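Heads up, model.pdb below (PDB, C-alpha atoms):
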ATOM      1  CA  MET A 205       0.000   0.000   0.000  1.00  0.00           C
ATOM      2  CA  ALA A 206       1.755   3.143  -1.187  1.00  0.00           C
ATOM      3  CA  VAL A 207      -0.278   5.537   0.959  1.00  0.00           C
ATOM      4  CA  ASP A 208       1.603   7.588   3.527  1.00  0.00           C
ATOM      5  CA  TYR A 209      -1.386   8.787   5.513  1.00  0.00           C
ATOM      6  CA  PRO A 210      -4.172   7.111   7.517  1.00  0.00           C
ATOM      7  CA  VAL A 211      -7.018   5.785   5.396  1.00  0.00           C
ATOM      8  CA  PRO A 212     -10.709   6.227   6.338  1.00  0.00           C
ATOM      9  CA  ASP A 213     -11.994   3.826   9.011  1.00  0.00           C
ATOM     10  CA  HIS A 214     -14.500   2.202   6.649  1.00  0.00           C
ATOM     11  CA  THR A 215     -11.765   1.139   4.188  1.00  0.00           C
ATOM     12  CA  LYS A 216     -11.673  -2.535   3.243  1.00  0.00           C
ATOM     13  CA  ALA A 217      -9.149  -4.401   1.121  1.00  0.00           C
ATOM     14  CA  GLU A 218      -9.225  -7.354  -1.236  1.00  0.00           C
ATOM     15  CA  VAL A 219      -6.159  -9.489  -1.903  1.00  0.00           C
ATOM     16  CA  GLU A 220      -6.023 -12.121  -4.626  1.00  0.00           C
ATOM     17  CA  LEU A 221      -3.137 -14.554  -4.232  1.00  0.00           C
ATOM     18  CA  LEU A 222      -0.918 -15.676  -7.077  1.00  0.00           C
ATOM     19  CA  SER A 223      -1.958 -18.888  -8.807  1.00  0.00           C
ATOM     20  CA  SER A 224       1.146 -20.614  -7.415  1.00  0.00           C
ATOM     21  CA  VAL A 225      -0.201 -20.244  -3.839  1.00  0.00           C
ATOM     22  CA  ARG A 226      -2.199 -23.376  -3.045  1.00  0.00           C
ATOM     23  CA  SER A 227      -2.428 -23.125   0.745  1.00  0.00           C
ATOM     24  CA  LEU A 228      -1.939 -20.080   2.944  1.00  0.00           C
ATOM     25  CA  LYS A 229      -1.097 -20.834   6.574  1.00  0.00           C
ATOM     26  CA  VAL A 230       1.186 -17.926   7.436  1.00  0.00           C
ATOM     27  CA  ASP A 231       0.706 -15.082   9.879  1.00  0.00           C
ATOM     28  CA  TYR A 232       2.518 -12.461   7.793  1.00  0.00           C
ATOM     29  CA  PHE A 233       3.093 -11.924   4.094  1.00  0.00           C
ATOM     30  CA  GLU A 234       3.575  -9.070   1.695  1.00  0.00           C
ATOM     31  CA  THR A 235       1.893  -8.569  -1.648  1.00  0.00           C
ATOM     32  CA  ILE A 236       3.883  -7.831  -4.792  1.00  0.00           C
ATOM     33  CA  THR A 237       3.194  -4.135  -4.122  1.00  0.00           C
ATOM     34  CA  GLY A 238       4.732  -4.352  -0.627  1.00  0.00           C
ATOM     35  CA  THR A 239       1.450  -4.264   1.262  1.00  0.00           C
ATOM     36  CA  ARG A 240       1.848  -5.972   4.656  1.00  0.00           C
ATOM     37  CA  VAL A 241      -0.842  -8.560   5.423  1.00  0.00           C
ATOM     38  CA  VAL A 242      -1.195 -10.100   8.898  1.00  0.00           C
ATOM     39  CA  SER A 243      -3.351 -12.839  10.354  1.00  0.00           C
ATOM     40  CA  ASP A 244      -5.848 -12.263  13.130  1.00  0.00           C
ATOM     41  CA  ALA A 245      -3.388 -13.878  15.566  1.00  0.00           C
ATOM     42  CA  PHE A 246      -0.532 -11.573  14.497  1.00  0.00           C
ATOM     43  CA  LYS A 247      -2.869  -8.564  14.723  1.00  0.00           C
ATOM     44  CA  THR A 248      -3.730  -9.525  18.310  1.00  0.00           C
ATOM     45  CA  LEU A 249      -0.026  -9.766  19.137  1.00  0.00           C
ATOM     46  CA  LEU A 250       0.762  -6.402  17.512  1.00  0.00           C
ATOM     47  CA  GLU A 251      -2.037  -4.713  19.440  1.00  0.00           C
ATOM     48  CA  GLN A 252      -0.171  -5.525  22.658  1.00  0.00           C
ATOM     49  CA  PHE A 253       2.771  -3.358  21.544  1.00  0.00           C
ATOM     50  CA  GLN A 254       3.144   0.329  20.802  1.00  0.00           C
ATOM     51  CA  SER A 255       2.933   0.922  17.076  1.00  0.00           C
ATOM     52  CA  ASN A 256       1.145   3.193  14.683  1.00  0.00           C
ATOM     53  CA  VAL A 257      -0.398   0.331  12.713  1.00  0.00           C
ATOM     54  CA  GLN A 258      -3.776   0.937  11.151  1.00  0.00           C
ATOM     55  CA  PHE A 259      -5.520  -2.407  10.652  1.00  0.00           C
ATOM     56  CA  ILE A 260      -7.706  -2.639   7.563  1.00  0.00           C
ATOM     57  CA  PRO A 261      -9.967  -5.683   7.156  1.00  0.00           C
ATOM     58  CA  ALA A 262      -8.887  -7.742   4.165  1.00  0.00           C
ATOM     59  CA  THR A 263     -10.714 -10.341   2.152  1.00  0.00           C
ATOM     60  CA  VAL A 264      -8.005 -12.713   0.956  1.00  0.00           C
ATOM     61  CA  CYS A 265      -8.776 -15.337  -1.643  1.00  0.00           C
ATOM     62  CA  TYR A 266      -6.925 -17.809  -3.790  1.00  0.00           C
ATOM     63  CA  HIS A 267      -6.507 -17.196  -7.510  1.00  0.00           C
ATOM     64  CA  ASP A 268      -9.621 -19.322  -8.173  1.00  0.00           C
ATOM     65  CA  THR A 269     -11.655 -17.016  -5.844  1.00  0.00           C
ATOM     66  CA  ARG A 270     -11.850 -19.514  -2.943  1.00  0.00           C
ATOM     67  CA  PRO A 271     -11.497 -17.697   0.384  1.00  0.00           C
ATOM     68  CA  VAL A 272      -8.453 -18.524   2.503  1.00  0.00           C
ATOM     69  CA  GLU A 273      -8.861 -20.342   5.798  1.00  0.00           C
ATOM     70  CA  LYS A 274      -7.731 -17.533   8.133  1.00  0.00           C
ATOM     71  CA  THR A 275      -8.856 -13.961   8.746  1.00  0.00           C
ATOM     72  CA  TYR A 276      -6.367 -11.363   7.524  1.00  0.00           C
ATOM     73  CA  TRP A 277      -5.775  -7.638   7.914  1.00  0.00           C
ATOM     74  CA  ILE A 278      -3.706  -5.087   6.059  1.00  0.00           C
ATOM     75  CA  ALA A 279      -1.114  -3.717   8.515  1.00  0.00           C
ATOM     76  CA  HIS A 280      -0.913  -0.164   7.215  1.00  0.00           C
ATOM     77  CA  LEU A 281       1.934   1.957   8.610  1.00  0.00           C
ATOM     78  CA  PRO A 282       0.891   5.503   7.696  1.00  0.00           C
ATOM     79  CA  ILE A 283       3.300   7.390   9.962  1.00  0.00           C
ATOM     80  CA  PRO A 284       6.981   6.529   9.566  1.00  0.00           C
ATOM     81  CA  VAL A 285       9.280   6.873  12.568  1.00  0.00           C
ATOM     82  CA  ASP A 286      12.236   9.244  12.144  1.00  0.00           C
ATOM     83  CA  GLY A 287      14.612   6.954  14.025  1.00  0.00           C
ATOM     84  CA  PHE A 288      17.561   6.561  11.643  1.00  0.00           C
ATOM     85  CA  ASP A 289      20.906   7.412  13.251  1.00  0.00           C
ATOM     86  CA  TYR A 290      22.647   9.509  10.593  1.00  0.00           C
ATOM     87  CA  GLU A 291      25.924   9.658  12.522  1.00  0.00           C
ATOM     88  CA  ARG A 292      26.524   5.953  13.260  1.00  0.00           C
ATOM     89  CA  SER A 293      24.885   4.404  10.192  1.00  0.00           C
ATOM     90  CA  GLU A 294      26.863   3.730   7.022  1.00  0.00           C
ATOM     91  CA  TYR A 295      25.157   4.725   3.786  1.00  0.00           C
ATOM     92  CA  GLY A 296      25.730   6.159   0.332  1.00  0.00           C
ATOM     93  CA  ARG A 297      26.008   9.935  -0.143  1.00  0.00           C
ATOM     94  CA  LYS A 298      26.396  10.324   3.635  1.00  0.00           C
ATOM     95  CA  THR A 299      27.645  13.920   3.588  1.00  0.00           C
ATOM     96  CA  VAL A 300      24.855  15.180   1.305  1.00  0.00           C
ATOM     97  CA  ILE A 301      22.070  13.236   3.028  1.00  0.00           C
ATOM     98  CA  ALA A 302      23.202  14.069   6.571  1.00  0.00           C
ATOM     99  CA  ALA A 303      23.329  17.769   5.638  1.00  0.00           C
ATOM    100  CA  SER A 304      19.748  17.609   4.323  1.00  0.00           C
ATOM    101  CA  VAL A 305      18.524  16.716   7.825  1.00  0.00           C
ATOM    102  CA  HIS A 306      19.255  20.298   8.865  1.00  0.00           C
ATOM    103  CA  GLN A 307      18.829  21.918   5.449  1.00  0.00           C
ATOM    104  CA  PRO A 308      15.604  20.662   3.820  1.00  0.00           C
ATOM    105  CA  PRO A 309      14.403  19.203   1.614  1.00  0.00           C
ATOM    106  CA  ARG A 310      15.330  15.869   3.206  1.00  0.00           C
ATOM    107  CA  LYS A 311      17.049  13.435   0.907  1.00  0.00           C
ATOM    108  CA  PRO A 312      16.181   9.767   1.466  1.00  0.00           C
ATOM    109  CA  VAL A 313      18.748   7.120   2.281  1.00  0.00           C
ATOM    110  CA  LYS A 314      18.532   4.652  -0.597  1.00  0.00           C
ATOM    111  CA  VAL A 315      21.559   2.431  -0.012  1.00  0.00           C
ATOM    112  CA  PHE A 316      23.029   1.485   3.344  1.00  0.00           C
ATOM    113  CA  SER A 317      25.559  -1.056   4.516  1.00  0.00           C
ATOM    114  CA  LYS A 318      24.962  -0.536   8.235  1.00  0.00           C
ATOM    115  CA  LEU A 319      21.658   0.664   9.662  1.00  0.00           C
ATOM    116  CA  VAL A 320      21.754   2.014  13.223  1.00  0.00           C
ATOM    117  CA  LEU A 321      18.618   3.172  14.993  1.00  0.00           C
ATOM    118  CA  ASP A 322      18.378   6.064  17.435  1.00  0.00           C
ATOM    119  CA  ALA A 323      16.589   4.537  20.446  1.00  0.00           C
ATOM    120  CA  ASP A 324      15.472   7.947  21.752  1.00  0.00           C
ATOM    121  CA  LYS A 325      13.737   8.780  18.463  1.00  0.00           C
ATOM    122  CA  ILE A 326      12.103   5.380  18.155  1.00  0.00           C
ATOM    123  CA  ASP A 327      10.302   6.056  21.421  1.00  0.00           C
ATOM    124  CA  GLY A 328       9.349   2.463  22.161  1.00  0.00           C
ATOM    125  CA  HIS A 329       7.781   1.616  18.784  1.00  0.00           C
ATOM    126  CA  HIS A 330       7.851  -2.118  18.096  1.00  0.00           C
ATOM    127  CA  PHE A 331       6.641  -2.443  14.472  1.00  0.00           C
ATOM    128  CA  PHE A 332       7.308   0.481  12.142  1.00  0.00           C
ATOM    129  CA  LYS A 333       8.801   1.790   8.948  1.00  0.00           C
ATOM    130  CA  LEU A 334      11.583   4.349   8.935  1.00  0.00           C
ATOM    131  CA  ALA A 335      11.122   7.902   7.694  1.00  0.00           C
ATOM    132  CA  HIS A 336      13.534   9.091   5.001  1.00  0.00           C
ATOM    133  CA  VAL A 337      15.041   5.617   4.537  1.00  0.00           C
ATOM    134  CA  ILE A 338      13.967   3.405   1.686  1.00  0.00           C
ATOM    135  CA  THR A 339      13.510  -0.058   3.162  1.00  0.00           C
ATOM    136  CA  LEU A 340      11.086  -2.675   1.948  1.00  0.00           C
ATOM    137  CA  LYS A 341      10.504  -4.409   5.258  1.00  0.00           C
ATOM    138  CA  PRO A 342       9.174  -3.011   8.523  1.00  0.00           C
ATOM    139  CA  ILE A 343      11.463  -2.759  11.543  1.00  0.00           C
ATOM    140  CA  ILE A 344      10.514  -4.838  14.585  1.00  0.00           C
ATOM    141  CA  SER A 345      11.828  -4.638  18.134  1.00  0.00           C
ATOM    142  CA  SER A 346      13.629  -7.531  19.794  1.00  0.00           C
ATOM    143  CA  GLU A 347      10.802  -7.674  22.335  1.00  0.00           C
ATOM    144  CA  LEU A 348       8.181  -8.142  19.605  1.00  0.00           C
ATOM    145  CA  TYR A 349      10.426 -10.671  17.854  1.00  0.00           C
ATOM    146  CA  GLU A 350      10.709 -12.754  21.033  1.00  0.00           C
ATOM    147  CA  ASN A 351       6.938 -12.678  21.521  1.00  0.00           C
ATOM    148  CA  MET A 352       6.437 -13.733  17.906  1.00  0.00           C
ATOM    149  CA  GLN A 353       8.786 -16.690  18.386  1.00  0.00           C
ATOM    150  CA  GLU A 354       6.853 -17.785  21.495  1.00  0.00           C
ATOM    151  CA  ALA A 355       3.495 -17.447  19.743  1.00  0.00           C
TER     152      ALA A 355
END

What do you get writing this file as structure tokens?
Amino acid sequence: MAVDYPVPDHTKAEVELLSSVRSLKVDYFETITGTRVVSDAFKTLLEQFQSNVQFIPATVCYHDTRPVEKTYWIAHLPIPVDGFDYERSEYGRKTVIAASVHQPPRKPVKVFSKLVLDADKIDGHHFFKLAHVITLKPIISSELYENMQEA
């Protein structure tokens, strides 16, 4: 979902799986557009942690229109967290990008070899996307990761 703002509460989503998917028994997957889809169980787990996730009900079906066995939600992250540590991270065009933090417009980090987060700026978020850094996957805290492993 390439929308960087909250969507209306009445929004619903439909996801049609690729024909190669015969059985869906996962708690998290991403569509080819990068939309994050979570199961009801994963949603319940995420709701126990601080995040800015907006859950959108999703009707997920196989390519032949059969509904999947589980209930799924779109895990929309409309508000990115500005938690990238520009000093300790290693990334391309570091001088230019770091300068843009104080002299807008902000230039995004597109390539990095070492990503370091600023714990003070993250402010306890457990499932989020980074502002001004192009990453395809959300960032999760070690605490959320441990809870996911247990569940």

Tell me which residues the PyMOL selection byres ((chain A and resi 218) around 10) grabs here, as a tab-separated table (two decimals) with C-alpha atoms, in the frame of the given file.
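Dumped to selection-v2.tsv:
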chain	number	residue	atom	x	y	z
A	216	LYS	CA	-11.67	-2.54	3.24
A	217	ALA	CA	-9.15	-4.40	1.12
A	219	VAL	CA	-6.16	-9.49	-1.90
A	220	GLU	CA	-6.02	-12.12	-4.63
A	221	LEU	CA	-3.14	-14.55	-4.23
A	261	PRO	CA	-9.97	-5.68	7.16
A	262	ALA	CA	-8.89	-7.74	4.16
A	263	THR	CA	-10.71	-10.34	2.15
A	264	VAL	CA	-8.01	-12.71	0.96
A	265	CYS	CA	-8.78	-15.34	-1.64
A	277	TRP	CA	-5.78	-7.64	7.91
A	278	ILE	CA	-3.71	-5.09	6.06

Picked residues, the PyMOL selection byres ((chain A and resi 273-275) around 12), as a VMD selection string: chain A and resid 218 to 219 226 to 232 241 to 248 260 to 266 270 to 272 276 to 278

Contact residues around A:Val300 with all atoms listed in the file at 12 Å, ignoring same-chain residues under 3 positions, as a list in words: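 Skipping anything fewer than 3 positions along the chain leaves Tyr290, Tyr295, Gly296, Arg297, Ala303, Ser304, Val305, His306, Gln307, Pro308, Pro309, Arg310, Lys311, Pro312 and Val313 of chain A.
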
Selection near A:Ile344, 7 Å with all atoms listed in the file, sequence-local residues under 3 positions removed, as a PyMOL selection string: chain A and resi 330-332+348-349

Ground truth for the PyMOL selection byres ((chain A and resi 342) around 12), written as a VMD selection string: chain A and resid 232 to 234 238 to 241 255 to 257 279 to 282 284 to 285 329 to 335 337 to 341 343 to 345

May I have the selected residues written with C-alpha atoms, as a CSV table (one decimal), keeping the file's coordinate frame?
chain,number,residue,atom,x,y,z
A,232,TYR,CA,2.5,-12.5,7.8
A,233,PHE,CA,3.1,-11.9,4.1
A,234,GLU,CA,3.6,-9.1,1.7
A,238,GLY,CA,4.7,-4.4,-0.6
A,239,THR,CA,1.4,-4.3,1.3
A,240,ARG,CA,1.8,-6.0,4.7
A,241,VAL,CA,-0.8,-8.6,5.4
A,255,SER,CA,2.9,0.9,17.1
A,256,ASN,CA,1.1,3.2,14.7
A,257,VAL,CA,-0.4,0.3,12.7
A,279,ALA,CA,-1.1,-3.7,8.5
A,280,HIS,CA,-0.9,-0.2,7.2
A,281,LEU,CA,1.9,2.0,8.6
A,282,PRO,CA,0.9,5.5,7.7
A,284,PRO,CA,7.0,6.5,9.6
A,285,VAL,CA,9.3,6.9,12.6
A,329,HIS,CA,7.8,1.6,18.8
A,330,HIS,CA,7.9,-2.1,18.1
A,331,PHE,CA,6.6,-2.4,14.5
A,332,PHE,CA,7.3,0.5,12.1
A,333,LYS,CA,8.8,1.8,8.9
A,334,LEU,CA,11.6,4.3,8.9
A,335,ALA,CA,11.1,7.9,7.7
A,337,VAL,CA,15.0,5.6,4.5
A,338,ILE,CA,14.0,3.4,1.7
A,339,THR,CA,13.5,-0.1,3.2
A,340,LEU,CA,11.1,-2.7,1.9
A,341,LYS,CA,10.5,-4.4,5.3
A,343,ILE,CA,11.5,-2.8,11.5
A,344,ILE,CA,10.5,-4.8,14.6
A,345,SER,CA,11.8,-4.6,18.1

Pairwise distance for atom CA of A:Asn351 and atom CA of A:Gly328, rounded to one decimal in Å: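 Result for atom CA of A:Asn351 versus atom CA of A:Gly328: 15.3 Å, one decimal.
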
Point-to-point distance from atom CA of A:Leu250 to atom CA of A:Asp289, Å rounded to tenths: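 Between atom CA of A:Leu250 and atom CA of A:Asp289 the gap is 24.8 Å.
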
Between atom CA of A:Gln258 and atom CA of A:Val207, distance in Å (one decimal): 11.7 Å

Top pick for closest residue to A:Tyr209, considering A:Leu321, A:Ile301, A:Ile283, A:Met352 and counting only C-alpha atoms: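 Closest to A:Tyr209, using only C-alpha atoms: A:Ile283.
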
Could you put an axis-aligned box around every listed atom of stretch 332-345 of chain A, padded by 6 Å on each side, and send me its centre and edge lengths in Å to one decimal, as JSON?
{"center_x": 11.2, "center_y": 2.1, "center_z": 9.9, "size_x": 19.7, "size_y": 25.9, "size_z": 28.4}

Pick from A:Phe259, A:Glu251, A:Lys298, A:Thr237 nearest to A:Phe316, counting all atoms listed in the file: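 Among the listed residues, A:Lys298 lies closest to A:Phe316.
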
Nearby residues (all atoms listed in the file) at most 7 Å from A:Glu294, same-chain spacing under 3 positions excluded, as a list in words: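 Neighbouring residues, sequence-local ones excluded: Phe316, Ser317, Lys318 and Leu319 of chain A.
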